[in-house]
>>> print(open('run_5.txt').read())   # compact mmCIF, C-alpha atoms
# COMPACT_ATOMS: atom_id res chain seq x y z
CA MET W 1 120.90 78.97 -91.80
CA SER W 2 117.37 78.25 -93.03
CA SER W 3 116.52 75.32 -95.33
CA SER W 4 113.41 73.94 -96.98
CA VAL W 5 111.08 72.73 -94.20
CA PRO W 6 107.61 71.24 -94.86
CA ASN W 7 104.72 72.93 -93.06
CA ALA W 8 106.88 75.86 -91.93
CA PRO W 9 106.17 79.59 -92.27
CA LYS W 10 107.91 80.96 -95.38
CA PHE W 11 109.45 84.44 -95.79
CA VAL W 12 110.28 85.53 -99.37
CA LEU W 13 112.08 88.83 -100.12
CA ALA W 14 112.11 90.01 -103.76
CA SER W 15 114.28 92.93 -104.88
CA LYS W 16 112.83 96.24 -106.12
CA GLY W 17 114.33 98.11 -109.06
CA ASN W 18 115.78 100.91 -106.88
CA SER W 19 117.44 98.49 -104.45
CA HIS W 20 121.05 97.42 -104.03
CA PRO W 21 121.19 94.28 -106.22
CA PHE W 22 120.59 90.99 -104.42
CA GLN W 23 119.28 87.51 -105.16
CA GLU W 24 115.72 86.67 -104.12
CA ARG W 25 115.70 85.20 -100.61
CA VAL W 26 113.48 82.32 -99.46
CA VAL W 27 113.70 81.69 -95.71
CA TYR W 28 111.70 79.23 -93.57
CA LEU W 29 111.14 80.83 -90.18
CA THR W 30 111.45 77.81 -87.91
CA GLU W 31 113.52 80.15 -85.72
CA PRO W 32 114.28 83.91 -85.70
CA GLN W 33 116.48 84.95 -88.64
CA LYS W 34 119.13 87.69 -88.44
CA VAL W 35 119.28 90.48 -91.02
CA GLY W 36 122.75 91.94 -91.47
CA ARG W 37 125.89 92.71 -93.46
CA SER W 38 128.25 90.05 -94.76
CA VAL W 39 131.23 89.84 -92.41
CA GLY W 40 133.94 87.16 -92.23
CA ARG W 41 132.50 83.68 -92.64
CA THR W 42 128.93 84.96 -92.73
CA LYS W 43 128.20 84.99 -96.46
CA PRO W 44 125.04 85.93 -98.43
CA ALA W 45 122.91 83.02 -99.65
CA SER W 46 119.46 82.52 -101.15
CA ASN W 47 118.21 80.96 -97.90
CA ASN W 48 119.39 83.62 -95.42
CA LEU W 49 119.03 87.38 -94.88
CA ILE W 50 122.71 88.33 -95.03
CA PHE W 51 123.57 90.90 -97.71
CA ASP W 52 126.79 92.23 -99.25
CA CYS W 53 125.66 95.81 -98.63
CA LYS W 54 127.79 98.51 -96.98
CA VAL W 55 124.89 100.53 -95.51
CA LEU W 56 123.67 97.61 -93.37
CA SER W 57 124.89 96.97 -89.83
CA ARG W 58 126.43 93.63 -88.87
CA ASN W 59 123.35 92.89 -86.69
CA HIS W 60 120.81 95.05 -88.46
CA GLY W 61 117.56 93.36 -87.41
CA ILE W 62 115.63 90.11 -87.02
CA VAL W 63 112.47 88.57 -88.50
CA TRP W 64 110.44 85.76 -86.95
CA TYR W 65 107.07 83.98 -86.91
CA GLU W 66 105.01 83.72 -83.73
CA GLN W 67 101.39 82.73 -83.04
CA GLY W 68 100.33 83.01 -86.65
CA GLN W 69 101.98 86.41 -87.24
CA PHE W 70 105.16 87.59 -89.00
CA TRP W 71 107.30 90.14 -87.17
CA VAL W 72 110.34 92.34 -87.89
CA GLN W 73 112.50 94.30 -85.43
CA ASP W 74 115.41 96.70 -85.84
CA THR W 75 118.28 95.80 -83.47
CA LYS W 76 120.00 99.17 -83.00
CA SER W 77 121.11 99.58 -86.64
CA ALA W 78 122.83 102.78 -87.76
CA ASN W 79 120.69 103.44 -90.86
CA GLY W 80 117.32 102.08 -89.73
CA THR W 81 114.63 99.69 -90.95
CA PHE W 82 111.50 100.85 -92.80
CA VAL W 83 108.12 99.17 -93.35
CA ALA W 84 105.86 100.95 -95.84
CA ASN W 85 108.33 103.92 -95.73
CA GLN W 86 107.87 104.26 -91.95
CA ARG W 87 111.07 103.97 -89.86
CA LEU W 88 110.79 101.54 -86.96
CA ASN W 89 113.45 102.99 -84.64
CA LYS W 90 114.68 106.43 -83.61
CA GLY W 91 118.40 106.98 -84.07
CA SER W 92 120.34 103.88 -83.03
CA GLU W 93 117.71 102.60 -80.57
CA GLU W 94 116.20 99.13 -80.71
CA SER W 95 112.72 99.28 -82.22
CA ALA W 96 109.51 97.66 -81.03
CA PRO W 97 108.42 94.54 -82.97
CA LYS W 98 106.43 95.42 -86.10
CA GLU W 99 103.94 93.01 -87.65
CA ILE W 100 104.33 92.65 -91.42
CA PHE W 101 101.97 91.27 -94.05
CA HIS W 102 102.05 89.73 -97.51
CA GLU W 103 103.33 92.17 -100.21
CA ASP W 104 104.53 94.79 -97.68
CA LEU W 105 107.35 97.09 -98.86
CA ILE W 106 110.38 96.71 -96.56
CA GLN W 107 113.68 98.59 -96.57
CA PHE W 108 116.89 97.93 -94.65
CA GLY W 109 119.18 101.00 -94.38
CA VAL W 110 119.26 104.17 -96.51
CA ASP W 111 121.31 105.26 -99.54
CA VAL W 112 124.68 106.72 -98.45
CA VAL W 113 126.83 109.02 -100.66
CA GLU W 114 130.60 108.65 -100.15
CA ASN W 115 132.97 111.38 -101.37
CA GLN W 116 136.31 109.85 -102.40
CA ARG W 117 139.70 111.56 -102.43
CA ASN W 118 139.67 112.05 -106.19
CA GLY W 119 136.51 114.13 -105.88
CA VAL W 120 134.20 111.42 -107.25
CA SER W 121 130.99 110.70 -105.29
CA VAL W 122 129.91 107.06 -104.94
CA THR W 123 126.38 106.14 -103.81
CA HIS W 124 125.97 102.94 -101.79
CA GLY W 125 122.41 101.64 -102.17
CA CYS W 126 120.23 100.08 -99.49
CA ILE W 127 118.13 96.87 -99.51
CA ILE W 128 114.56 97.49 -100.75
CA GLY W 129 112.15 94.68 -101.51
CA VAL W 130 108.64 93.27 -101.32
CA VAL W 131 107.96 90.48 -98.83
CA TYR W 132 105.74 87.51 -99.64
CA LEU W 133 104.66 85.76 -96.46
CA TYR W 134 103.04 82.31 -96.22
CA HIS W 135 101.61 80.54 -93.18
CA PRO W 136 102.54 76.87 -92.56
CA ASP W 137 99.32 75.81 -94.37
CA GLY W 138 100.45 77.75 -97.48
CA SER W 139 97.95 80.62 -97.14
CA GLU W 140 99.09 84.23 -97.58
CA ALA W 141 99.63 86.35 -94.45
CA ARG W 142 97.26 89.21 -95.20
CA PRO W 143 95.71 91.64 -92.69
CA VAL W 144 92.32 90.60 -91.26
CA SER W 145 89.42 92.68 -92.60
CA ALA W 146 87.82 95.08 -90.10
CA ALA W 147 84.41 93.87 -91.25
CA GLY W 148 84.78 90.55 -89.43
CA GLY W 149 86.39 88.67 -92.30
CA ALA W 150 84.20 90.00 -95.13
CA ASN W 151 86.16 90.04 -98.35
CA GLN W 152 84.36 92.86 -100.14
CA ILE W 153 82.38 96.08 -99.65
CA LEU W 154 79.83 97.84 -101.82
CA PHE W 155 80.67 100.99 -103.69
CA SER W 156 78.10 103.79 -104.06
CA SER W 157 77.19 102.43 -107.50
CA GLY W 158 76.25 99.08 -105.92
CA LEU W 159 79.26 97.25 -107.38
CA PRO W 160 81.27 95.07 -104.96
CA ILE W 161 84.83 96.27 -104.17
CA PRO W 162 87.07 93.51 -102.70
CA THR W 163 89.08 94.57 -99.68
CA GLN W 164 92.10 93.12 -101.49
CA ASP W 165 91.77 95.94 -104.04
CA LEU W 166 91.81 98.47 -101.20
CA TYR W 167 94.91 96.81 -99.79
CA GLN W 168 96.59 96.88 -103.22
CA LEU W 169 95.65 100.55 -103.61
CA GLN W 170 97.33 101.29 -100.30
CA LYS W 171 100.49 99.52 -101.50
CA TYR W 172 100.52 101.58 -104.72
CA LEU W 173 100.22 104.73 -102.61
CA GLU W 174 103.15 103.68 -100.41
CA GLU W 175 105.35 102.92 -103.43
CA ALA W 176 104.44 106.27 -105.02
CA SER W 177 105.37 108.04 -101.79
CA HIS W 178 108.71 106.19 -101.70
CA ARG W 179 109.49 107.13 -105.32
CA GLU W 180 108.59 110.74 -104.55
CA GLN W 181 111.05 110.80 -101.63
CA LEU W 182 113.81 109.43 -103.87
CA LEU W 183 113.08 111.99 -106.57
CA GLU W 184 113.10 114.81 -104.03
CA SER W 185 116.52 113.71 -102.77
CA LYS W 186 117.83 113.56 -106.37
CA LEU W 187 116.29 116.96 -107.04
CA ALA W 188 118.09 118.45 -104.03
CA ALA W 189 121.38 116.92 -105.22
CA LEU W 190 120.90 118.41 -108.70
CA GLN W 191 120.16 121.83 -107.20
CA ARG W 192 123.38 121.69 -105.19
CA LEU W 193 125.29 120.56 -108.28
CA VAL W 194 123.92 123.46 -110.37
CA ALA W 195 124.80 126.00 -107.66
CA ASP W 196 128.32 124.59 -107.23
CA THR W 197 128.88 124.55 -111.00
CA ARG W 198 127.83 128.18 -111.35
CA THR W 199 130.05 129.25 -108.46
CA CYS W 200 133.08 127.34 -109.77
CA SER W 201 132.58 128.69 -113.30
CA ALA W 202 132.43 132.29 -112.12
CA GLU W 203 135.45 131.93 -109.83
CA SER W 204 137.49 130.14 -112.52
CA TRP W 205 136.73 132.80 -115.12
CA ARG W 206 137.60 135.66 -112.75
CA ALA W 207 140.84 133.98 -111.60
CA LEU W 208 142.04 133.32 -115.16
CA VAL W 209 141.38 136.89 -116.27
CA GLU W 210 143.11 138.35 -113.22
CA GLU W 211 146.10 136.01 -113.61
CA ASP W 212 146.54 136.87 -117.30
CA SER W 213 146.32 140.59 -116.58
CA LEU W 214 148.82 140.33 -113.73
CA LEU W 215 151.33 138.33 -115.80
CA THR W 216 151.12 140.81 -118.70
CA ARG W 217 151.68 143.76 -116.36
CA LEU W 218 154.61 142.04 -114.68
CA GLU W 219 156.34 141.24 -117.99
CA LEU W 220 155.87 144.83 -119.14
CA LEU W 221 157.41 146.20 -115.95
CA GLU W 222 160.37 143.81 -116.22
CA SER W 223 160.99 144.92 -119.82
CA GLN W 224 160.87 148.59 -118.82
CA LEU W 225 163.27 147.92 -115.96
CA VAL W 226 165.77 146.25 -118.33
CA VAL W 227 165.56 149.17 -120.75
CA PHE W 228 166.05 151.84 -118.10
CA SER W 229 168.99 150.02 -116.55
CA LYS W 230 170.96 150.20 -119.80
CA ASN W 231 172.94 153.23 -120.99
CA LEU W 232 171.91 153.12 -124.64
CA SER W 233 172.54 155.37 -127.61
CA ASP W 234 169.69 156.64 -129.76
CA GLU W 235 170.23 153.89 -132.30
CA SER W 236 170.35 151.16 -129.65
CA LEU W 237 167.36 152.68 -127.95
CA GLN W 238 165.45 152.58 -131.24
CA LYS W 239 166.30 148.90 -131.68
CA GLU W 240 165.25 148.19 -128.10
CA ILE W 241 161.94 149.92 -128.69
CA THR W 242 161.42 147.86 -131.85
CA LEU W 243 162.08 144.65 -129.89
CA LEU W 244 159.71 145.76 -127.17
CA ASN W 245 156.99 146.40 -129.74
CA GLN W 246 157.53 142.94 -131.19
CA ASP W 247 157.32 141.44 -127.70
CA LYS W 248 154.18 143.45 -127.10
CA LEU W 249 152.60 141.99 -130.24
CA LYS W 250 153.58 138.47 -129.14
CA TYR W 251 152.12 139.04 -125.69
CA ALA W 252 148.95 140.45 -127.23
CA ALA W 253 148.60 137.40 -129.50
CA ALA W 254 149.22 135.03 -126.55
CA ALA W 255 146.70 136.93 -124.42
CA LYS W 256 144.15 136.77 -127.24
CA GLU W 257 144.69 133.02 -127.62
CA SER W 258 144.37 132.57 -123.86
CA VAL W 259 141.13 134.56 -123.77
CA GLU W 260 139.71 132.57 -126.69
CA LYS W 261 140.54 129.33 -124.85
CA ILE W 262 138.89 130.63 -121.70
CA VAL W 263 135.80 131.66 -123.66
CA GLU W 264 135.62 128.19 -125.22
CA GLU W 265 135.90 126.56 -121.78
CA LYS W 266 133.19 128.88 -120.50
CA GLN W 267 130.90 127.87 -123.37
CA GLN W 268 131.50 124.19 -122.58
CA ILE W 269 130.69 124.79 -118.92
CA GLU W 270 127.52 126.68 -119.90
CA CYS W 271 126.52 123.77 -122.16
CA LYS W 272 127.01 121.29 -119.29
CA LEU W 273 125.10 123.61 -117.01
CA SER W 274 122.26 123.75 -119.52
CA ASN W 275 122.12 119.93 -119.62
CA VAL W 276 122.03 119.78 -115.82
CA GLU W 277 119.24 122.37 -115.70
CA ARG W 278 117.26 120.38 -118.29
CA CYS W 279 117.66 117.20 -116.21
CA TYR W 280 116.62 119.18 -113.15
CA SER W 281 113.50 120.45 -114.93
CA GLU W 282 112.55 116.95 -116.12
CA THR W 283 113.07 115.51 -112.65
CA GLU W 284 110.99 118.31 -111.13
CA ASP W 285 108.16 117.62 -113.58
CA GLU W 286 108.26 113.91 -112.79
CA CYS W 287 108.25 114.66 -109.07
CA GLU W 288 105.25 116.97 -109.49
CA HIS W 289 103.41 114.28 -111.47
CA LEU W 290 104.10 111.67 -108.81
CA ARG W 291 103.02 114.09 -106.08
CA ALA W 292 99.72 114.72 -107.88
CA THR W 293 99.22 110.97 -108.39
CA SER W 294 99.96 110.34 -104.72
CA GLU W 295 97.47 112.99 -103.60
CA GLU W 296 94.80 111.66 -105.95
CA THR W 297 95.35 108.10 -104.72
CA ALA W 298 95.24 109.27 -101.09
CA ASN W 299 91.95 111.07 -101.70
CA ARG W 300 90.57 107.99 -103.41
CA LEU W 301 91.63 105.80 -100.51
CA GLN W 302 90.08 108.24 -98.02
CA GLU W 303 86.78 108.21 -99.92
CA LEU W 304 86.74 104.41 -100.00
CA ALA W 305 87.55 104.26 -96.28
CA THR W 306 84.69 106.68 -95.50
CA LYS W 307 82.23 104.69 -97.59
CA HIS W 308 83.47 101.49 -95.98
CA THR W 309 82.77 102.98 -92.52
CA GLU W 310 79.30 104.10 -93.59
CA LEU W 311 78.51 100.64 -94.92
CA LEU W 312 79.68 99.04 -91.69
CA GLU W 313 77.32 101.35 -89.79
CA GLN W 314 74.47 100.38 -92.14
CA VAL W 315 75.26 96.69 -91.58
CA SER W 316 75.18 97.25 -87.81
CA THR W 317 71.80 99.06 -88.07
CA LEU W 318 70.36 96.27 -90.22
CA LYS W 319 71.58 93.68 -87.73
CA SER W 320 69.82 95.57 -84.93
CA LYS W 321 66.59 95.76 -86.93
CA LEU W 322 66.88 92.06 -87.79
CA SER W 323 67.29 91.23 -84.11
CA GLU W 324 64.22 93.31 -83.23
CA ALA W 325 62.24 91.59 -85.98
CA GLU W 326 63.31 88.19 -84.67
CA ASN W 327 62.17 89.12 -81.16
CA ALA W 328 58.82 90.39 -82.47
CA ARG W 329 58.33 87.20 -84.48
CA HIS W 330 59.13 85.14 -81.43
CA GLU W 331 56.59 87.06 -79.35
CA VAL W 332 53.90 86.66 -82.04
CA SER W 333 54.69 82.96 -82.28
CA GLU W 334 54.33 82.52 -78.51
CA ALA W 335 51.04 84.48 -78.49
CA PHE W 336 49.73 82.36 -81.35
CA SER W 337 50.73 79.16 -79.55
CA THR W 338 48.99 80.31 -76.34
CA GLU W 339 45.83 81.27 -78.22
CA LYS W 340 45.86 77.91 -80.00
CA GLN W 341 46.12 76.04 -76.70
CA ASP W 342 43.22 78.06 -75.28
CA LEU W 343 41.06 77.21 -78.29
CA VAL W 344 41.93 73.51 -77.96
CA LYS W 345 40.93 73.53 -74.27
CA LYS W 346 37.59 75.14 -75.12
>>> encode(input="run_5.txt", output="structure tokens")
Amino acid sequence: MSSSVPNAPKFVLASKGNSHPFQERVVYLTEPQKVGRSVGRTKPASNNLIFDCKVLSRNHGIVWYEQGQFWVQDTKSANGTFVANQRLNKGSEESAPKEIFHEDLIQFGVDVVENQRNGVSVTHGCIIGVVYLYHPDGSEARPVSAAGGANQILFSSGLPIPTQDLYQLQKYLEEASHREQLLESKLAALQRLVADTRTCSAESWRALVEEDSLLTRLELLESQLVVFSKNLSDESLQKEITLLNQDKLKYAAAAKESVEKIVEEKQQIECKLSNVERCYSETEDECEHLRATSEETANRLQELATKHTELLEQVSTLKSKLSEAENARHEVSEAFSTEKQDLVKK
């Protein structure tokens, strides 16, 4: 179990809104820390990476600090480990170590839907959070800039753009992509629910109508059989016919009441179906909006990356020209010194 250690690398995991609920974890990585499900005496605490979460494996993964870098590895978990929405392992294989940075989005496991015996579906959430990583000196563990440590680039307008803003933009894009995946899964579930509701409604309506018709026919045949089996006089026969007509009226009233009840149930089902379709439409609109935002952000990031590459090339060209100018100045200086010495000798 990890405890507060001075001058030790610190790993902080903060919960996201769509995660299985858990308390913020603060772990000092003086040694590798196991990520896993609470089993037996192994209980969740604010200074370990054990969670009361059903979708995690007992030994789900490990995190550690080595040579100034933070690492995470999936240790043959069933539901996988994700960094920036990218799964580390294939199937139940052990993954390669993955370096992680300050404010990376990390996910342990996936949401699992369990169908219970009473027909109710229960969704077990996974662990989703943002990691905040600090070196032993207290500095944040951020990726090193490709421009040799420069902390900003110039936009086409001449305004400086810090590389931290580019990094933050990338994080927003990753979160938007993650939300889009969740919405698409919910959208698929709603589509299945709408289709199942329509099928069940149609089958229920058809079965009720057929059952009512069959029962009415059967009762009529039984009444006719009773009448024909009796040796009745004209007067008795007339009475029997009167009784049959009364029974017929009763059956007609009962059938009418049954049909009205079925129609009412059908209207209720159609109302529920309408609500589900409205939710489906709203979810689809939100998904489309997020998809457009994600594409726009991706294009923006691509443009910034292209301009960053062009600026790096310009910096390299200017460095070459500066080197040539330095060489030329040195040659002129040597020639001037030689000429001065010749003049002094004369």
>>> closest_residue(input="run_5.txt", among="W:Ser281, W:Ser337, W:Thr297, W:Gln33", to="Leu183 of chain W", atoms="only C-alpha atoms")
W:Ser281
>>> atom_distance(input="run_5.txt", atom1="atom CA of Val63 of chain W", atom2="atom CA of Val130 of chain W")
14.2 Å
>>> closest_residue(input="run_5.txt", among="W:Thr123, W:Val112, W:Trp64, W:Val194", to="Leu273 of chain W", atoms="all atoms listed in the file")
W:Val194
>>> residues_near_point(input="run_5.txt", point="(112.5, 101.2, -89.1)", cutoff="9 Å", atoms="only C-alpha atoms", output="list of chain:residue names")
W:Gln73, W:Asp74, W:Asn79, W:Gly80, W:Thr81, W:Phe82, W:Val83, W:Asn85, W:Gln86, W:Arg87, W:Leu88, W:Asn89, W:Lys90, W:Ser95, W:Lys98, W:Ile106, W:Gln107, W:Phe108, W:Gly109
>>> atom_distance(input="run_5.txt", atom1="atom CA of Glu184 of chain W", atom2="atom CA of Cys287 of chain W")
7.0 Å
>>> residues_around(input="run_5.txt", residues="Cys126 of chain W", least_positions_apart="2", cutoff="10 Å", atoms="all atoms listed in the file", output="VMD selection string")
chain W and resid 18 to 21 51 53 to 56 79 107 to 112 123 to 124 128 to 129
>>> residues_around(input="run_5.txt", residues="Val259 of chain W", least_positions_apart="6", cutoff="9 Å", atoms="only C-alpha atoms", output="list in words")
Leu208, Val209 and Asp212 of chain W
>>> write_last_selection(input="run_5.txt", atoms="C-alpha atoms", output="short mmCIF file (atom, residue, chain, number, x, y, z; two decimals), keeping the file's coordinate frame")
data_model
loop_
_atom_site.label_atom_id
_atom_site.label_comp_id
_atom_site.auth_asym_id
_atom_site.auth_seq_id
_atom_site.Cartn_x
_atom_site.Cartn_y
_atom_site.Cartn_z
CA LEU W 208 142.04 133.32 -115.16
CA VAL W 209 141.38 136.89 -116.27
CA ASP W 212 146.54 136.87 -117.30
#
>>> closest_residue(input="run_5.txt", among="W:Lys239, W:His135, W:Lys248, W:His289", to="Glu180 of chain W", atoms="only C-alpha atoms")
W:His289
